[in-house]
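Enquirer: mmCIF, C-alpha atoms and all ligand atoms, file start02.cif:
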data_protein
#
loop_
_atom_site.label_atom_id
_atom_site.label_comp_id
_atom_site.auth_asym_id
_atom_site.auth_seq_id
_atom_site.Cartn_x
_atom_site.Cartn_y
_atom_site.Cartn_z
CA MET Z 1 -0.24 21.64 7.41
CA GLU Z 2 -3.18 23.20 5.56
CA THR Z 3 -5.36 20.14 5.09
CA LYS Z 4 -7.87 19.72 7.90
CA GLU Z 5 -8.76 16.26 9.09
CA ILE Z 6 -12.37 15.03 9.02
CA THR Z 7 -12.54 12.62 11.94
CA ILE Z 8 -14.66 9.47 11.90
CA ASP Z 9 -17.07 11.19 14.33
CA GLU Z 10 -17.45 14.21 12.09
CA LEU Z 11 -17.82 12.20 8.89
CA ASP Z 12 -21.14 11.87 7.07
CA PRO Z 13 -20.12 9.29 4.43
CA GLU Z 14 -22.98 9.96 1.98
CA LYS Z 15 -22.43 13.71 2.11
CA PHE Z 16 -18.67 13.22 1.76
CA ILE Z 17 -19.14 11.02 -1.32
CA ALA Z 18 -21.55 13.52 -2.93
CA GLU Z 19 -19.12 16.40 -2.33
CA GLN Z 20 -16.14 14.52 -3.76
CA VAL Z 21 -18.13 13.34 -6.79
CA GLU Z 22 -19.08 16.96 -7.46
CA LYS Z 23 -15.49 18.20 -7.04
CA ILE Z 24 -14.06 15.56 -9.35
CA SER Z 25 -16.66 16.03 -12.07
CA SER Z 26 -16.35 19.80 -12.05
CA ALA Z 27 -12.52 19.63 -12.14
CA VAL Z 28 -12.37 17.12 -15.00
CA GLY Z 29 -15.32 18.56 -16.96
CA ASN Z 30 -15.45 16.95 -20.40
CA GLY Z 31 -11.87 15.75 -20.16
CA SER Z 32 -10.63 12.39 -19.04
CA ALA Z 33 -8.83 10.98 -16.05
CA ILE Z 34 -6.90 7.90 -15.04
CA ASN Z 35 -6.39 6.18 -11.71
CA ALA Z 36 -4.36 3.29 -10.43
CA LEU Z 37 -6.02 0.63 -8.37
CA SER Z 38 -3.64 -1.24 -6.08
CA GLY Z 39 -6.28 -3.25 -4.27
CA GLY Z 40 -5.70 -1.37 -1.04
CA VAL Z 41 -8.65 0.18 0.78
CA ASP Z 42 -7.78 3.74 -0.30
CA SER Z 43 -7.37 3.14 -4.01
CA SER Z 44 -10.48 0.93 -4.06
CA VAL Z 45 -12.54 3.75 -2.52
CA VAL Z 46 -11.09 6.33 -4.92
CA THR Z 47 -11.85 4.07 -7.89
CA MET Z 48 -15.53 3.84 -6.92
CA ILE Z 49 -15.89 7.57 -6.17
CA GLY Z 50 -14.11 8.32 -9.47
CA HIS Z 51 -16.44 6.07 -11.42
CA ARG Z 52 -19.49 7.69 -9.85
CA ALA Z 53 -18.13 11.08 -10.87
CA LEU Z 54 -16.77 10.29 -14.31
CA GLY Z 55 -18.12 6.97 -15.59
CA ALA Z 56 -16.42 6.15 -18.89
CA GLN Z 57 -14.27 9.30 -18.70
CA LEU Z 58 -12.18 7.48 -16.07
CA ARG Z 59 -9.81 4.66 -16.99
CA THR Z 60 -8.65 2.49 -14.12
CA TYR Z 61 -5.34 0.66 -14.25
CA PHE Z 62 -3.80 -1.98 -12.10
CA ILE Z 63 -0.05 -1.39 -12.28
CA ASP Z 64 1.70 -4.69 -11.83
CA THR Z 65 4.88 -3.41 -10.20
CA GLY Z 66 6.11 -6.91 -9.41
CA LEU Z 67 5.86 -5.87 -5.76
CA MET Z 68 2.31 -7.14 -5.17
CA ARG Z 69 1.11 -9.92 -2.95
CA GLU Z 70 0.32 -13.40 -4.32
CA GLY Z 71 -2.60 -13.45 -6.78
CA GLU Z 72 -3.38 -9.77 -6.20
CA PRO Z 73 -3.73 -8.56 -9.85
CA GLU Z 74 -6.23 -11.32 -10.72
CA TYR Z 75 -8.19 -10.97 -7.46
CA ILE Z 76 -8.61 -7.20 -7.81
CA ALA Z 77 -9.48 -7.25 -11.52
CA SER Z 78 -12.22 -9.81 -10.90
CA ALA Z 79 -13.61 -8.09 -7.76
CA PHE Z 80 -14.00 -4.82 -9.69
CA LYS Z 81 -15.34 -6.54 -12.79
CA ALA Z 82 -18.13 -7.84 -10.57
CA MET Z 83 -18.94 -4.21 -9.69
CA GLY Z 84 -18.99 -3.15 -13.34
CA VAL Z 85 -15.54 -1.50 -13.32
CA HIS Z 86 -13.14 -2.54 -16.04
CA VAL Z 87 -9.54 -2.64 -14.80
CA GLU Z 88 -6.71 -2.57 -17.31
CA LEU Z 89 -3.58 -4.45 -16.29
CA VAL Z 90 -0.21 -2.79 -16.97
CA ASP Z 91 2.91 -4.93 -16.70
CA ALA Z 92 5.49 -2.52 -15.24
CA LYS Z 93 7.64 -5.06 -13.41
CA LYS Z 94 10.78 -4.25 -15.38
CA THR Z 95 10.41 -0.48 -14.86
CA PHE Z 96 10.18 -0.89 -11.08
CA PHE Z 97 12.91 -3.50 -10.63
CA ASP Z 98 15.29 -1.54 -12.88
CA ALA Z 99 14.64 1.61 -10.82
CA LEU Z 100 15.16 -0.25 -7.52
CA LYS Z 101 18.37 -1.96 -8.60
CA GLY Z 102 21.29 -1.24 -6.30
CA HIS Z 103 19.29 0.86 -3.78
CA THR Z 104 19.40 -0.09 -0.12
CA ASP Z 105 18.51 3.21 1.55
CA PRO Z 106 14.76 3.36 2.45
CA GLU Z 107 14.22 6.88 1.17
CA GLU Z 108 16.10 6.17 -2.06
CA LYS Z 109 13.89 3.13 -2.59
CA ARG Z 110 10.75 5.21 -2.01
CA GLU Z 111 12.06 7.87 -4.38
CA ALA Z 112 12.71 5.23 -7.07
CA ILE Z 113 9.15 3.96 -6.67
CA THR Z 114 7.66 7.46 -6.78
CA ARG Z 115 9.58 8.25 -9.98
CA SER Z 116 8.57 4.98 -11.60
CA PHE Z 117 4.89 5.55 -10.80
CA TYR Z 118 4.56 9.20 -11.68
CA LYS Z 119 7.08 9.78 -14.42
CA ASP Z 120 7.42 6.47 -16.19
CA VAL Z 121 4.12 4.67 -15.75
CA PHE Z 122 1.51 7.42 -15.28
CA GLY Z 123 3.44 9.77 -17.60
CA GLY Z 124 3.21 7.09 -20.30
CA LEU Z 125 -0.49 6.41 -19.64
CA VAL Z 126 -1.28 10.12 -19.76
CA ARG Z 127 0.49 10.47 -23.12
CA GLU Z 128 -1.34 7.40 -24.43
CA THR Z 129 -4.83 8.36 -23.24
CA GLY Z 130 -4.69 12.17 -23.39
CA ALA Z 131 -5.92 12.27 -19.75
CA ARG Z 132 -5.07 15.41 -17.82
CA TYR Z 133 -6.03 14.16 -14.35
CA LEU Z 134 -4.77 11.42 -12.09
CA LEU Z 135 -6.99 10.40 -9.16
CA GLN Z 136 -5.22 8.96 -6.17
CA GLY Z 137 -5.96 7.86 -2.62
CA THR Z 138 -3.48 9.85 -0.54
CA ASN Z 139 -4.79 9.99 3.03
CA TYR Z 140 -4.28 12.18 6.06
CA THR Z 141 -1.73 9.89 7.76
CA ASP Z 142 0.36 9.80 4.56
CA ILE Z 143 0.68 13.59 4.49
CA GLU Z 144 1.26 13.90 8.20
CA GLU Z 145 4.18 11.44 8.23
CA THR Z 146 5.74 12.85 5.08
CA VAL Z 147 5.52 16.44 6.30
CA ALA Z 148 6.97 15.38 9.66
CA GLY Z 149 9.88 13.81 7.75
CA ILE Z 150 9.23 10.30 9.12
CA LYS Z 151 8.72 8.61 5.76
CA ARG Z 152 8.35 10.00 2.33
CA GLN Z 153 5.15 8.19 1.39
CA HIS Z 154 5.34 7.23 -2.26
CA ASN Z 155 2.21 9.17 -3.19
CA ILE Z 156 2.96 12.58 -1.74
CA LEU Z 157 3.73 15.34 -4.21
CA GLU Z 158 2.29 18.77 -3.50
CA GLN Z 159 3.10 18.72 0.21
CA LEU Z 160 6.74 18.26 -0.77
CA GLY Z 161 6.58 21.21 -3.15
CA ILE Z 162 6.35 19.02 -6.25
CA ASP Z 163 4.03 20.52 -8.87
CA PRO Z 164 2.70 17.51 -10.81
CA VAL Z 165 1.61 19.63 -13.78
CA GLN Z 166 5.07 21.06 -14.20
CA GLN Z 167 6.94 17.85 -13.40
CA TYR Z 168 4.79 15.22 -15.02
CA GLY Z 169 2.27 17.07 -17.19
CA TYR Z 170 -0.95 16.20 -15.37
CA ASN Z 171 -3.06 17.28 -12.36
CA VAL Z 172 -3.52 15.10 -9.31
CA LEU Z 173 -6.90 14.87 -7.53
CA GLU Z 174 -6.90 13.43 -4.00
CA PRO Z 175 -10.40 12.97 -2.61
CA LEU Z 176 -9.30 11.17 0.60
CA LEU Z 177 -6.79 13.73 1.78
CA GLN Z 178 -8.78 14.66 4.89
CA LEU Z 179 -9.50 11.10 6.07
CA ARG Z 180 -7.70 8.47 8.08
CA LYS Z 181 -8.16 4.75 7.57
CA SER Z 182 -11.23 4.19 9.78
CA ALA Z 183 -13.08 7.04 8.03
CA ILE Z 184 -12.03 5.72 4.60
CA ARG Z 185 -13.46 2.32 5.54
CA ALA Z 186 -16.77 3.99 6.48
CA VAL Z 187 -16.83 5.61 3.03
CA GLY Z 188 -16.07 2.21 1.45
CA ARG Z 189 -19.03 0.72 3.28
CA ALA Z 190 -21.29 3.55 2.10
CA LEU Z 191 -20.09 2.95 -1.48
CA GLU Z 192 -21.23 -0.67 -1.09
CA LEU Z 193 -17.80 -2.12 -1.78
CA PRO Z 194 -17.65 -5.80 -0.81
CA GLU Z 195 -16.62 -6.03 2.84
CA ASP Z 196 -13.42 -7.94 2.12
CA LEU Z 197 -12.24 -4.97 0.02
CA TYR Z 198 -12.89 -2.18 2.50
CA SER Z 199 -11.97 -4.16 5.60
CA ARG Z 200 -8.70 -5.63 4.26
CA PRO Z 201 -5.57 -4.80 6.18
CA PRO Z 202 -3.83 -1.73 4.72
CA VAL Z 203 -1.17 -2.35 2.09
CA PRO Z 204 1.25 0.48 1.44
CA GLY Z 205 1.55 1.83 -2.12
CA PRO Z 206 5.11 0.47 -2.47
CA ALA Z 207 3.61 -2.88 -1.39
CA LEU Z 208 6.21 -5.57 -0.64
CA ALA Z 209 9.08 -3.13 -1.29
CA ALA Z 210 8.19 -1.59 2.08
CA ARG Z 211 8.85 -5.01 3.60
CA VAL Z 212 12.23 -5.84 2.12
CA ILE Z 213 15.16 -4.40 4.08
CA GLY Z 214 18.06 -3.81 1.71
CA GLU Z 215 17.95 -4.24 -2.06
CA VAL Z 216 14.58 -5.04 -3.62
CA THR Z 217 15.14 -7.70 -6.27
CA PRO Z 218 12.57 -10.08 -7.85
CA GLU Z 219 14.12 -12.96 -5.87
CA ARG Z 220 13.93 -11.16 -2.51
CA VAL Z 221 10.36 -10.01 -3.20
CA ALA Z 222 9.43 -13.63 -3.99
CA ILE Z 223 10.67 -14.65 -0.52
CA VAL Z 224 8.73 -11.97 1.33
CA ARG Z 225 5.67 -12.70 -0.83
CA ALA Z 226 5.70 -16.37 0.17
CA ALA Z 227 6.07 -15.43 3.86
CA THR Z 228 3.27 -12.84 3.51
CA THR Z 229 0.89 -15.45 2.13
CA ILE Z 230 1.49 -17.60 5.22
CA VAL Z 231 1.21 -14.68 7.67
CA GLU Z 232 -2.02 -13.44 6.10
CA LYS Z 233 -3.55 -16.92 6.14
CA GLU Z 234 -2.59 -17.57 9.77
CA LEU Z 235 -3.53 -14.12 11.13
CA SER Z 236 -6.64 -13.22 9.12
CA GLN Z 237 -8.90 -14.29 11.98
CA THR Z 238 -7.20 -12.07 14.57
CA GLY Z 239 -9.14 -8.93 13.63
CA ALA Z 240 -5.84 -7.01 13.90
CA PHE Z 241 -5.41 -3.71 12.05
CA GLN Z 242 -2.48 -4.91 9.95
CA TYR Z 243 -0.12 -7.90 9.83
CA LEU Z 244 2.94 -8.37 7.72
CA ALA Z 245 6.18 -10.21 7.05
CA ILE Z 246 9.52 -8.45 6.63
CA LEU Z 247 12.65 -9.85 5.02
CA HIS Z 248 15.82 -8.80 6.81
CA GLU Z 249 19.06 -8.00 5.09
CA ASP Z 250 21.35 -9.82 7.53
CA ARG Z 251 21.72 -13.55 7.43
CA VAL Z 252 22.10 -15.74 10.49
CA THR Z 253 23.59 -19.17 11.05
CA GLY Z 254 21.03 -21.92 11.10
CA MET Z 255 21.08 -25.64 10.45
CA ARG Z 256 19.15 -27.94 8.21
CA ASP Z 257 19.52 -31.71 7.73
CA GLY Z 258 22.49 -31.71 10.09
CA LYS Z 259 24.35 -29.13 8.00
CA ARG Z 260 25.11 -25.45 8.50
CA ASP Z 261 22.65 -23.20 6.69
CA TYR Z 262 23.57 -19.51 6.69
CA GLY Z 263 20.02 -18.39 6.09
CA LEU Z 264 17.45 -15.64 5.93
CA GLN Z 265 15.46 -13.95 8.70
CA ILE Z 266 11.79 -13.08 8.53
CA GLU Z 267 10.25 -10.70 11.06
CA ILE Z 268 6.51 -10.78 11.66
CA ARG Z 269 4.55 -7.75 12.80
CA CYS Z 270 0.89 -7.69 13.80
CA TRP Z 271 -0.66 -4.39 14.86
CA GLU Z 272 -3.58 -3.08 16.88
CA SER Z 273 -4.49 0.41 15.70
CA THR Z 274 -7.41 2.49 14.49
CA ASP Z 275 -5.61 5.08 12.41
CA ALA Z 276 -2.02 3.88 11.86
CA LYS Z 277 -0.83 6.94 13.76
CA VAL Z 278 -0.07 4.99 16.90
CA ALA Z 279 -0.11 1.22 17.13
CA SER Z 280 0.75 -1.60 19.47
CA PRO Z 281 1.69 -5.22 18.74
CA THR Z 282 -1.11 -7.77 19.05
CA ARG Z 283 -0.62 -10.17 21.96
CA LEU Z 284 -0.73 -13.26 19.76
CA PRO Z 285 -1.02 -16.65 21.46
CA TYR Z 286 2.33 -18.39 21.70
CA GLU Z 287 0.92 -21.37 19.76
CA THR Z 288 0.12 -19.07 16.84
CA LEU Z 289 3.65 -17.70 16.86
CA GLU Z 290 5.13 -21.20 16.93
CA GLN Z 291 2.90 -22.30 14.09
CA LEU Z 292 3.94 -19.27 12.03
CA ALA Z 293 7.62 -20.04 12.62
CA ASP Z 294 7.12 -23.70 11.63
CA ARG Z 295 5.15 -22.89 8.49
CA ILE Z 296 7.52 -20.16 7.33
CA THR Z 297 10.72 -22.14 7.88
CA ALA Z 298 9.13 -25.16 6.17
CA GLY Z 299 7.48 -23.26 3.33
CA VAL Z 300 9.83 -20.43 2.42
CA PRO Z 301 13.18 -21.57 0.99
CA GLY Z 302 16.24 -20.33 2.83
CA VAL Z 303 14.55 -18.98 5.98
CA VAL Z 304 16.13 -20.18 9.23
CA SER Z 305 14.86 -17.56 11.67
CA VAL Z 306 11.41 -16.08 12.37
CA THR Z 307 10.95 -13.31 14.94
CA TYR Z 308 7.96 -11.34 16.24
CA ASN Z 309 8.14 -7.59 16.85
CA VAL Z 310 6.90 -6.45 20.27
CA THR Z 311 7.71 -2.73 19.91
CA LYS Z 312 4.96 -0.11 19.82
CA LYS Z 313 4.61 2.68 17.24
CA PRO Z 314 6.25 5.04 18.16
CA PRO Z 315 9.18 4.49 18.27
CA SER Z 316 8.66 1.73 15.67
CA THR Z 317 6.70 2.44 12.49
CA ILE Z 318 4.27 -0.07 11.02
CA GLU Z 319 6.32 -0.93 7.92
CA ALA Z 320 10.05 -1.57 8.12
CA VAL Z 321 11.19 0.62 5.24
P1 LIG C 1 4.17 3.57 8.89
O1 LIG C 1 5.07 2.48 8.38
O2 LIG C 1 4.65 4.92 8.49
O3 LIG C 1 2.80 3.35 8.13
O4 LIG C 1 3.88 3.47 10.36
C1 LIG C 1 1.59 3.97 8.45
C2 LIG C 1 0.53 3.39 7.53
O5 LIG C 1 0.78 3.81 6.18
C3 LIG C 1 1.09 2.69 5.35
N1 LIG C 1 2.24 3.10 4.54
C4 LIG C 1 2.14 3.60 3.29
N2 LIG C 1 1.07 3.79 2.52
N3 LIG C 1 2.48 4.63 0.81
C5 LIG C 1 1.25 4.28 1.24
O6 LIG C 1 0.28 4.43 0.50
C6 LIG C 1 3.61 4.45 1.51
O7 LIG C 1 4.70 4.77 1.06
C7 LIG C 1 3.42 3.92 2.85
N4 LIG C 1 4.27 3.62 3.84
C8 LIG C 1 3.52 3.14 4.88
C9 LIG C 1 1.41 1.53 6.28
O8 LIG C 1 1.12 0.28 5.69
C10 LIG C 1 0.55 1.85 7.48
O9 LIG C 1 -0.78 1.39 7.34
#
How does this structure look as structure tokens?

Expert:
Amino acid sequence: METKEITIDELDPEKFIAEQVEKISSAVGNGSAINALSGGVDSSVVTMIGHRALGAQLRTYFIDTGLMREGEPEYIASAFKAMGVHVELVDAKKTFFDALKGHTDPEEKREAITRSFYKDVFGGLVRETGARYLLQGTNYTDIEETVAGIKRQHNILEQLGIDPVQQYGYNVLEPLLQLRKSAIRAVGRALELPEDLYSRPPVPGPALAARVIGEVTPERVAIVRAATTIVEKELSQTGAFQYLAILHEDRVTGMRDGKRDYGLQIEIRCWESTDAKVASPTRLPYETLEQLADRITAGVPGVVSVTYNVTKKPPSTIEAV
């Protein structure tokens, strides 16, 4: 792998920001660029670096893939508005759900998401705006896992031999390529992002699609979204690196109101990690686990089983897909 990591100990955030601002502005020159803000730490940091470099030459979009967490589009648009960044909302739900239809294999699902982002959505935005550059927040862990063949992260192109200019008609700039999550957070702090933006648990680019085992349909995403809202509320005080809910494909026999209920299973994961490279499950108090099970089975229609993952990464990975 050619990219060299800048570790948190080596990082000088102010210097890093100045260098990336310079690189972006000299690459884009008088042209224009676009970027997609997902609300995750990485894309939030890229948005702010991009705006420092390009000001009005950069247009920032929030792509509503239909795979986001509850209230996310509104929350992100208003948080960035408060920082003087206008975020344009793009409703791409149909594009993503059509592309995901019928796919159950994890890599096929990731491929469908990649194609929808780069070809359909960004391709369309580039044609509309005349932009020649796309800024994105690919990080060091994303490349490492893709190159190692563990997961094809949705945002990896060049490392897989994909030339974005040839394939999609625009260049991709990736200012965070050398950083892992803890270093990206330090840059977020130096950019004066609000703390709840740079310290939020990571959300993968494919968002809730990475947490639905089997076919990703609007109905199945709605179930995992409702469970996610509960998990995030209950676990936000743990200080854990990341916590999530996963919807399983298999059903199990349960019972409700004295009757058989062949229902859904939700798995909860909560991780201790600094860089997402290795991770171990948080030792949550049993009362917390019980409360999560009660709230999810009461609040999410059709769920009859809630489990907690106790496997480390490796051999597990953080997300299920
Ligand atoms: P895994 O599941 O591989 O995840 O242990 C490591 C970290 O990366 C996030 N993740 C992704 N981020 N695109 C992203 O931008 C993806 O396709 C993707 N898959 C996983 C995951 O949430 C964790 O923090």

Enquirer: As AutoDock Vina command-line options, please report the centre and edge lengths, rounded to one decimal in Å, of the axis-aligned box that holds all listed atoms of stretch 33-42 of chain Z with 3 Å of padding on each of the six sides.

Expert:
--center_x -6.2 --center_y 3.9 --center_z -7.6 --size_x 11.2 --size_y 20.2 --size_z 22.8

Enquirer: Leaving out Z:Arg269 and any residue of its chain fewer than 6 positions from it, which residues lie within 8 Å of it when counting only C-alpha atoms, given as a list in words?

Expert: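 Here the qualifying residues turn out to be Tyr243, Leu244, Ala245, Ile246, Pro281, Tyr308, Asn309, Val310 and Ile318 of chain Z.
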
Enquirer: Grab the atom CA of Z:Ile17 to atom CA of Z:Gly123 distance for me, in Å with one decimal place.

Expert: 27.9 Å

Enquirer: Would you list the contacts of Z:Tyr75 as number ranges by chain, taking every protein, DNA or RNA residue within 12 Å and counting all atoms listed in the file, but skipping same-chain residues closer than 5 positions in sequence?

Expert: Z: 37-40, 62, 68-70, 80-82, 87, 89, 196-197

Enquirer: Hey, which residues sit close to ligand LIG 1 (chain C)? Say within 7 Å, counting all atoms listed in the file, and write them as a list of chain:residue names.

Expert: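 Listed by chain and ascending number, the contacts are Z:Arg110, Z:Thr138, Z:Thr141, Z:Asp142, Z:Glu145, Z:Lys151, Z:Arg152, Z:Gln153, Z:His154, Z:Asn155, Z:Pro202, Z:Val203, Z:Pro204, Z:Gly205, Z:Pro206, Z:Ala210, Z:Ala276, Z:Lys277, Z:Lys313, Z:Thr317, Z:Ile318, Z:Glu319, Z:Ala320.
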
Enquirer: Nearest to Z:Gln178: which of Z:Gly137, Z:Pro218, Z:Gly130, Z:Gly161 is it, counting only C-alpha atoms?

Expert: Z:Gly137

Enquirer: Between Z:Thr274, Z:Gln242, Z:Gln167, Z:Gln265, which is the closest to Z:Thr297 once you count all atoms listed in the file?

Expert: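 Nearest candidate to Z:Thr297 out of Z:Thr274, Z:Gln242, Z:Gln167, Z:Gln265: Z:Gln265.
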
Enquirer: Please indicate the distance in Å from atom CA of Z:Lys4 to atom CA of Z:Val28, rounded to one decimal place.

Expert: 23.5 Å

Enquirer: Counting all atoms listed in the file, which of Z:Ser305, Z:Ser182, Z:Thr229, Z:Gln291 gets nearest to Z:Phe241?

Expert: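 Closest to Z:Phe241 of all the choices is Z:Ser182.
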
Enquirer: List as JSON lines every residue of stretch 173-260 of chain Z that is in contact with stretch 22-27 of chain Z, defined as an atom at most 12 Å from one of its atoms (using only C-alpha atoms), together with the nearest atom pair and the distance in Å rounded to one decimal, sorted by chain and then rising number.

Expert:
{"residue": "Z:Leu173", "atom": "CA", "partner": "Z:Ile24", "partner_atom": "CA", "distance": 7.4}
{"residue": "Z:Glu174", "atom": "CA", "partner": "Z:Ile24", "partner_atom": "CA", "distance": 9.2}
{"residue": "Z:Pro175", "atom": "CA", "partner": "Z:Ile24", "partner_atom": "CA", "distance": 8.1}
{"residue": "Z:Leu176", "atom": "CA", "partner": "Z:Ile24", "partner_atom": "CA", "distance": 11.9}

Enquirer: Could you please determine the separation between atom CA of Z:Glu107 and atom CA of Z:Ala207 in Å, to one decimal place?

Expert: 14.6 Å

Enquirer: Taking 6 positions as the minimum chain separation for residues in the same chain, which residues sit within 12 Å of Z:Ala298 when counting all atoms listed in the file? Answer as number ranges by chain.

Expert: Z: 226-227, 230, 256, 291-292, 304-306

Enquirer: Identify the residues within 12 Å of coordinate (-13.4, 9.5, 13.5) (same frame as the file), considering all atoms listed in the file, and give the answer as a list in words.

Expert: Glu5, Ile6, Thr7, Ile8, Asp9, Glu10, Leu11, Asp12, Pro13, Gln178, Leu179, Arg180, Lys181, Ser182, Ala183, Ile184, Arg185, Ala186, Val187, Thr274 and Asp275 of chain Z

Enquirer: Here is a test: counting only C-alpha atoms, which residue of Z:Ser316, Z:Thr217, Z:Ser280, Z:Ser273 is nearest to Z:Thr104?

Expert: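 So, comparing all the options, the nearest one is Z:Thr217.
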